[in-house]
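*Asks:* Next comes the structure file entry-v9.pdb, holding PDB, C-alpha atoms, pLDDT in the B column.
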```pdb
ATOM      1  CA  MET A  11     125.097  19.288 109.100  1.00 42.00           C
ATOM      2  CA  LYS A  12     127.463  22.259 109.053  1.00 41.00           C
ATOM      3  CA  LYS A  13     127.918  21.805 105.256  1.00 38.00           C
ATOM      4  CA  ILE A  14     124.158  21.760 104.686  1.00 37.00           C
ATOM      5  CA  ILE A  15     123.659  24.971 106.674  1.00 35.00           C
ATOM      6  CA  LEU A  16     126.554  26.632 104.841  1.00 35.00           C
ATOM      7  CA  LEU A  17     125.130  25.498 101.478  1.00 36.00           C
ATOM      8  CA  CYS A  18     121.666  26.835 102.377  1.00 37.00           C
ATOM      9  CA  LEU A  19     123.108  30.178 103.498  1.00 38.00           C
ATOM     10  CA  SER A  20     125.172  30.405 100.315  1.00 43.00           C
ATOM     11  CA  MET A  21     122.113  29.732  98.160  1.00 44.00           C
ATOM     12  CA  LEU A  22     120.120  32.290 100.128  1.00 41.00           C
ATOM     13  CA  LEU A  23     122.833  34.929  99.693  1.00 38.00           C
ATOM     14  CA  LEU A  24     123.106  34.195  95.980  1.00 41.00           C
ATOM     15  CA  THR A  25     119.359  34.524  95.647  1.00 43.00           C
ATOM     16  CA  PHE A  26     119.281  37.943  97.318  1.00 43.00           C
ATOM     17  CA  TYR A  27     122.511  39.199  95.793  1.00 45.00           C
ATOM     18  CA  GLY A  28     121.722  38.066  92.241  1.00 49.00           C
ATOM     19  CA  CYS A  29     118.117  39.201  92.267  1.00 49.00           C
ATOM     20  CA  ASN A  30     117.289  42.867  92.024  1.00 49.00           C
ATOM     21  CA  LYS A  31     114.206  44.717  90.810  1.00 46.00           C
ATOM     22  CA  LYS A  32     115.534  45.025  87.242  1.00 46.00           C
ATOM     23  CA  ASP A  33     115.977  41.259  86.991  1.00 54.00           C
ATOM     24  CA  VAL A  34     112.482  40.574  88.284  1.00 58.00           C
ATOM     25  CA  ASP A  35     110.475  43.375  86.730  1.00 69.00           C
ATOM     26  CA  PRO A  36     112.188  44.937  83.699  1.00 81.00           C
ATOM     27  CA  VAL A  37     110.676  48.085  82.243  1.00 89.00           C
ATOM     28  CA  HIS A  38     108.932  47.561  78.904  1.00 90.00           C
ATOM     29  CA  TYR A  39     108.297  50.377  76.465  1.00 94.00           C
ATOM     30  CA  PHE A  40     105.522  49.866  73.926  1.00 95.00           C
ATOM     31  CA  TYR A  41     105.358  51.701  70.601  1.00 96.00           C
ATOM     32  CA  SER A  42     101.832  51.437  69.153  1.00 96.00           C
ATOM     33  CA  ILE A  43     100.693  53.471  66.170  1.00 97.00           C
ATOM     34  CA  ALA A  44      97.447  53.019  64.235  1.00 96.00           C
ATOM     35  CA  LEU A  45      97.782  54.130  60.618  1.00 97.00           C
ATOM     36  CA  THR A  46      94.871  54.940  58.341  1.00 96.00           C
ATOM     37  CA  PHE A  47      95.638  55.279  54.654  1.00 97.00           C
ATOM     38  CA  GLU A  48      93.325  57.174  52.318  1.00 97.00           C
ATOM     39  CA  ASN A  49      93.443  57.985  48.630  1.00 96.00           C
ATOM     40  CA  GLN A  50      92.725  61.481  47.263  1.00 96.00           C
ATOM     41  CA  SER A  51      88.988  60.658  47.112  1.00 96.00           C
ATOM     42  CA  GLY A  52      88.900  59.919  50.855  1.00 95.00           C
ATOM     43  CA  ASP A  53      88.519  56.142  50.462  1.00 97.00           C
ATOM     44  CA  ASN A  54      90.055  54.141  53.308  1.00 97.00           C
ATOM     45  CA  LEU A  55      92.669  51.883  51.677  1.00 97.00           C
ATOM     46  CA  VAL A  56      92.915  49.577  54.708  1.00 97.00           C
ATOM     47  CA  THR A  57      89.255  48.550  54.478  1.00 96.00           C
ATOM     48  CA  GLY A  58      88.956  45.085  52.975  1.00 94.00           C
ATOM     49  CA  ILE A  59      92.606  44.104  53.332  1.00 95.00           C
ATOM     50  CA  PRO A  60      92.817  40.308  53.724  1.00 94.00           C
ATOM     51  CA  TYR A  61      92.791  39.389  57.404  1.00 92.00           C
ATOM     52  CA  SER A  62      93.119  36.053  59.166  1.00 92.00           C
ATOM     53  CA  GLU A  63      90.466  35.988  61.898  1.00 89.00           C
ATOM     54  CA  LYS A  64      91.879  32.687  63.188  1.00 90.00           C
ATOM     55  CA  GLU A  65      95.393  34.113  63.610  1.00 90.00           C
ATOM     56  CA  GLN A  66      94.200  37.678  64.372  1.00 90.00           C
ATOM     57  CA  ARG A  67      96.603  39.263  61.887  1.00 94.00           C
ATOM     58  CA  ILE A  68      97.158  40.280  58.285  1.00 95.00           C
ATOM     59  CA  PRO A  69      98.671  37.267  56.457  1.00 95.00           C
ATOM     60  CA  TYR A  70     102.385  37.536  55.673  1.00 93.00           C
ATOM     61  CA  SER A  71     101.577  37.054  51.989  1.00 93.00           C
ATOM     62  CA  GLU A  72     100.009  40.543  52.004  1.00 95.00           C
ATOM     63  CA  TYR A  73     103.037  42.520  53.223  1.00 96.00           C
ATOM     64  CA  THR A  74     106.750  42.632  53.957  1.00 96.00           C
ATOM     65  CA  ARG A  75     107.955  44.575  56.976  1.00 96.00           C
ATOM     66  CA  THR A  76     111.294  45.256  58.595  1.00 96.00           C
ATOM     67  CA  ALA A  77     111.730  47.337  61.724  1.00 96.00           C
ATOM     68  CA  TRP A  78     114.537  48.441  63.971  1.00 97.00           C
ATOM     69  CA  ALA A  79     115.259  50.773  66.867  1.00 96.00           C
ATOM     70  CA  GLU A  80     117.965  53.410  67.044  1.00 91.00           C
ATOM     71  CA  ASN A  81     121.251  53.012  68.937  1.00 86.00           C
ATOM     72  CA  GLY A  82     121.329  49.217  68.874  1.00 88.00           C
ATOM     73  CA  ILE A  83     118.308  48.876  71.168  1.00 93.00           C
ATOM     74  CA  GLU A  84     116.566  45.548  70.592  1.00 95.00           C
ATOM     75  CA  LEU A  85     113.071  45.957  69.133  1.00 96.00           C
ATOM     76  CA  LEU A  86     110.449  43.231  69.230  1.00 96.00           C
ATOM     77  CA  THR A  87     107.615  43.746  66.737  1.00 95.00           C
ATOM     78  CA  ALA A  88     104.160  42.211  66.610  1.00 93.00           C
ATOM     79  CA  GLU A  89     102.469  41.003  63.465  1.00 94.00           C
ATOM     80  CA  LEU A  90     100.407  43.552  61.558  1.00 95.00           C
ATOM     81  CA  LYS A  91      96.772  43.746  62.613  1.00 95.00           C
ATOM     82  CA  THR A  92      93.824  45.844  61.594  1.00 94.00           C
ATOM     83  CA  ILE A  93      91.880  47.774  64.205  1.00 93.00           C
ATOM     84  CA  LYS A  94      89.294  50.528  64.292  1.00 90.00           C
ATOM     85  CA  ASP A  95      90.720  53.914  65.184  1.00 85.00           C
ATOM     86  CA  GLU A  96      89.054  56.480  67.447  1.00 83.00           C
ATOM     87  CA  ASN A  97      86.776  57.518  64.545  1.00 85.00           C
ATOM     88  CA  GLY A  98      85.803  53.934  63.699  1.00 88.00           C
ATOM     89  CA  GLU A  99      87.991  53.859  60.571  1.00 91.00           C
ATOM     90  CA  ASP A 100      89.996  50.762  59.630  1.00 95.00           C
ATOM     91  CA  ALA A 101      93.661  51.179  60.515  1.00 96.00           C
ATOM     92  CA  ILE A 102      96.815  49.090  60.513  1.00 96.00           C
ATOM     93  CA  LEU A 103      98.385  48.663  63.937  1.00 96.00           C
ATOM     94  CA  LEU A 104     102.174  48.885  64.080  1.00 95.00           C
ATOM     95  CA  ASP A 105     103.287  47.475  67.428  1.00 94.00           C
ATOM     96  CA  GLY A 106     106.771  47.273  68.885  1.00 95.00           C
ATOM     97  CA  MET A 107     108.421  46.907  72.273  1.00 96.00           C
ATOM     98  CA  THR A 108     111.824  47.543  73.838  1.00 95.00           C
ATOM     99  CA  TRP A 109     113.213  46.687  77.255  1.00 92.00           C
ATOM    100  CA  GLU A 110     114.947  49.043  79.655  1.00 90.00           C
ATOM    101  CA  HIS A 111     115.533  51.905  77.179  1.00 92.00           C
ATOM    102  CA  VAL A 112     113.346  54.162  75.070  1.00 95.00           C
ATOM    103  CA  SER A 113     114.483  54.266  71.473  1.00 96.00           C
ATOM    104  CA  PRO A 114     114.398  57.846  70.179  1.00 96.00           C
ATOM    105  CA  ILE A 115     113.718  56.610  66.644  1.00 97.00           C
ATOM    106  CA  ILE A 116     111.839  53.547  65.367  1.00 97.00           C
ATOM    107  CA  THR A 117     112.216  52.946  61.629  1.00 97.00           C
ATOM    108  CA  GLN A 118     110.002  50.556  59.688  1.00 97.00           C
ATOM    109  CA  LYS A 119     109.941  49.641  56.023  1.00 97.00           C
ATOM    110  CA  LEU A 120     106.678  48.354  54.635  1.00 98.00           C
ATOM    111  CA  VAL A 121     105.736  46.817  51.287  1.00 98.00           C
ATOM    112  CA  CYS A 122     101.982  46.298  50.922  1.00 97.00           C
ATOM    113  CA  PRO A 123     100.551  46.235  47.372  1.00 97.00           C
ATOM    114  CA  TYR A 124      96.977  46.131  48.701  1.00 96.00           C
ATOM    115  CA  ILE A 125      97.335  49.584  50.255  1.00 97.00           C
ATOM    116  CA  PHE A 126      99.982  51.267  48.111  1.00 96.00           C
ATOM    117  CA  GLY A 127      99.170  49.710  44.738  1.00 95.00           C
ATOM    118  CA  ASP A 128     102.848  48.913  44.143  1.00 95.00           C
ATOM    119  CA  ASN A 129     105.683  46.726  45.403  1.00 96.00           C
ATOM    120  CA  ASN A 130     107.764  49.689  46.560  1.00 97.00           C
ATOM    121  CA  GLU A 131     109.238  49.881  50.019  1.00 98.00           C
ATOM    122  CA  HIS A 132     107.760  52.720  52.064  1.00 98.00           C
ATOM    123  CA  VAL A 133     109.597  54.127  55.080  1.00 98.00           C
ATOM    124  CA  LEU A 134     107.761  54.925  58.313  1.00 98.00           C
ATOM    125  CA  VAL A 135     109.696  56.656  61.094  1.00 98.00           C
ATOM    126  CA  SER A 136     108.361  57.434  64.551  1.00 98.00           C
ATOM    127  CA  TYR A 137     110.151  59.675  67.055  1.00 98.00           C
ATOM    128  CA  TRP A 138     109.957  59.047  70.796  1.00 97.00           C
ATOM    129  CA  GLU A 139     110.915  60.930  73.922  1.00 96.00           C
ATOM    130  CA  GLU A 140     111.476  59.454  77.364  1.00 93.00           C
ATOM    131  CA  LEU A 141     109.449  60.979  80.189  1.00 93.00           C
ATOM    132  CA  PRO A 142     109.844  60.621  83.958  1.00 91.00           C
ATOM    133  CA  ASP A 143     108.557  57.520  85.756  1.00 87.00           C
ATOM    134  CA  SER A 144     109.395  55.038  82.969  1.00 86.00           C
ATOM    135  CA  LYS A 145     107.010  56.627  80.464  1.00 90.00           C
ATOM    136  CA  HIS A 146     107.492  57.872  76.916  1.00 93.00           C
ATOM    137  CA  THR A 147     105.633  59.774  74.225  1.00 95.00           C
ATOM    138  CA  CYS A 148     105.559  59.872  70.440  1.00 97.00           C
ATOM    139  CA  THR A 149     106.728  63.291  69.297  1.00 97.00           C
ATOM    140  CA  GLY A 150     106.640  62.903  65.517  1.00 97.00           C
ATOM    141  CA  PHE A 151     105.965  60.664  62.541  1.00 98.00           C
ATOM    142  CA  THR A 152     107.115  60.627  58.930  1.00 98.00           C
ATOM    143  CA  PHE A 153     106.016  58.529  55.965  1.00 98.00           C
ATOM    144  CA  ASP A 154     108.376  58.448  52.993  1.00 98.00           C
ATOM    145  CA  GLY A 155     110.085  61.560  54.354  1.00 97.00           C
ATOM    146  CA  LYS A 156     106.897  63.611  54.762  1.00 98.00           C
ATOM    147  CA  GLU A 157     105.828  64.623  58.262  1.00 98.00           C
ATOM    148  CA  TYR A 158     102.291  63.775  59.430  1.00 98.00           C
ATOM    149  CA  PRO A 159     100.426  64.961  62.522  1.00 97.00           C
ATOM    150  CA  ILE A 160      99.894  62.457  65.312  1.00 96.00           C
ATOM    151  CA  SER A 161      97.141  62.219  67.887  1.00 95.00           C
ATOM    152  CA  LYS A 162      96.635  59.903  70.824  1.00 92.00           C
ATOM    153  CA  ASP A 163      93.501  57.916  71.560  1.00 87.00           C
ATOM    154  CA  ASN A 164      92.936  58.649  75.238  1.00 82.00           C
ATOM    155  CA  ILE A 165      91.067  55.391  75.775  1.00 84.00           C
ATOM    156  CA  THR A 166      93.516  52.932  74.212  1.00 88.00           C
ATOM    157  CA  GLY A 167      96.716  54.990  74.522  1.00 89.00           C
ATOM    158  CA  ILE A 168      97.512  54.215  70.883  1.00 95.00           C
ATOM    159  CA  TYR A 169      98.939  56.983  68.727  1.00 96.00           C
ATOM    160  CA  GLU A 170      97.087  57.607  65.454  1.00 96.00           C
ATOM    161  CA  VAL A 171      98.262  58.925  62.112  1.00 97.00           C
ATOM    162  CA  LYS A 172      96.186  59.540  58.988  1.00 96.00           C
ATOM    163  CA  ILE A 173      98.098  59.359  55.720  1.00 97.00           C
ATOM    164  CA  VAL A 174      96.558  60.583  52.478  1.00 96.00           C
ATOM    165  CA  LEU A 175      98.384  59.009  49.540  1.00 95.00           C
ATOM    166  CA  GLU A 176      98.968  61.092  46.448  1.00 87.00           C
TER     167      GLU A 176
END
```
Could you take the file, read its structure, and then write that structure out as structure tokens?
*Replies:*
Amino acid sequence: MKKIILLCLSMLLLTFYGCNKKDVDPVHYFYSIALTFENQSGDNLVTGIPYSEKEQRIPYSEYTRTAWAENGIELLTAELKTIKDENGEDAILLDGMTWEHVSPIITQKLVCPYIFGDNNEHVLVSYWEELPDSKHTCTGFTFDGKEYPISKDNITGIYEVKIVLE
């Protein structure tokens, strides 16, 4: 009986000692940016892109994407989706997530002939700043080295960028 009580106490101590708030409820940081692409005539280049309603994403055959976070922070990315932005325009949603740390820079490379009209790799970089209380904000965005203004949809919390291709 003494061994059983000692075993139970040991398990109880291990449970409390090995379990802290970080283990139970890690902080997640989400990086969501809706991109609209237009040509010089103002035509939305995302409109009509093939989309799998069943899988709720753009098929992999339509694009190639690589993404990573700065400073060795692990970045989990979601599949590309199309959404309507705050103005009702078709946009591509770039989603990512990190645990425990805000990455100051998220870099993505995207090949999408439907939008860009070529098989070239285009570089998208978003800049992030950590705020108090486990929050963060997007402070800048570049596409192929050119800076673009960002806005935030106050309803969805998704950052939005409009890119006019030359």
*Asks:* Write out as a PyMOL selection string which residues come within 9 Å of Ile83 in chain A when counting all atoms listed in the file, dropping same-chain ones fewer than 5 positions away.
*Replies:* chain A and resi 78+108-109+111-113
*Asks:* With the cut-off set at 9 Å and counting all atoms listed in the file, tabulate each residue of range 70-123 of chain A with an atom at most that distance from an atom of range 151-169 of chain A, showing the nearest atom pair and its distance in Å to one decimal, ordered by chain and increasing number, as CSV.
*Replies:*
```
residue,atom,partner,partner_atom,distance
A:Asp95,CA,A:Asp163,CA,8.0
A:Glu96,CA,A:Asp163,CA,6.2
A:Leu103,CA,A:Ile168,CA,8.9
```
*Asks:* Keeping C-alpha atoms for every residue in the selection just given, could you write it to a file as a PDB file, in the frame of the given file?
*Replies:*
```
ATOM      1  CA  ASP A  95      90.720  53.914  65.184  1.00 85.00           C
ATOM      2  CA  GLU A  96      89.054  56.480  67.447  1.00 83.00           C
ATOM      3  CA  LEU A 103      98.385  48.663  63.937  1.00 96.00           C
TER       4      LEU A 103
END
```
*Asks:* Hey, what's within 10 Å of range 142-145 of chain A if we count only C-alpha atoms and toss same-chain stuff fewer than 4 positions away? As a VMD selection string, please?
*Replies:* chain A and resid 37 to 40 110 to 112
*Asks:* Starting from the displayed file, determine the output of the PyMOL selection byres ((chain A and resi 66) around 12) and express the residue list as a PyMOL selection string.
*Replies:* chain A and resi 60-65+67-70+88-93+103
*Asks:* Excluding Gln118 in chain A and residues on its chain fewer than 4 positions from it, collect all residues at most 10 Å away from it, counting all atoms listed in the file, and give them as a PyMOL selection string.
*Replies:* chain A and resi 75-79+104+131-136+153
*Asks:* Take every atom of range 75-84 of chain A listed in the file, fit an axis-aligned box around them, add 8 Å per side, and give the centre and edge lengths in Å to one decimal as AutoDock Vina command-line options.
*Replies:*
```
--center_x 114.6 --center_y 49.0 --center_z 64.1 --size_x 29.4 --size_y 24.8 --size_z 30.2
```
*Asks:* Can you list, as a list in words, the residues that the PyMOL selection byres ((chain A and resi 127) around 12) selects here?
*Replies:*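 Given this file, the PyMOL selection byres ((chain A and resi 127) around 12) evaluates to Phe47, Asn49, Leu55, Val56, Glu72, Tyr73, Val121, Cys122, Pro123, Tyr124, Ile125, Phe126, Asp128, Asn129, Asn130, Glu131, His132, Leu175 and Glu176 of chain A.
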*Asks:* Rounded to one decimal in Å, what is the spacing between CA of Thr57 in chain A and CA of Lys119 in chain A?
*Replies:*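 Here the two named atoms are 20.8 Å from each other.
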*Asks:* For CA of Asn97 in chain A and CA of Asp53 in chain A, determine how far apart the two atoms are, in Å to one decimal place.
*Replies:* 14.3 Å
*Asks:* One number please: CA of Gly58 in chain A to CA of Leu120 in chain A, in Å, one decimal.
*Replies:*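 Separation of CA of Gly58 in chain A and CA of Leu120 in chain A: 18.1 Å.
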*Asks:* Spell out the residues picked by the PyMOL selection byres ((chain A and resi 172) around 7) here, as a PyMOL selection string.
*Replies:* chain A and resi 45-47+170-171+173-174
*Asks:* Let me make sure I understand: among A:Pro36, A:Gly98, A:Pro114, A:Gly82, which one has the smallest atom-to-atom distance to Tyr137 in chain A if we use only C-alpha atoms?
*Replies:*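 Looking at the shortest contact to Tyr137 in chain A, the residue is A:Pro114.
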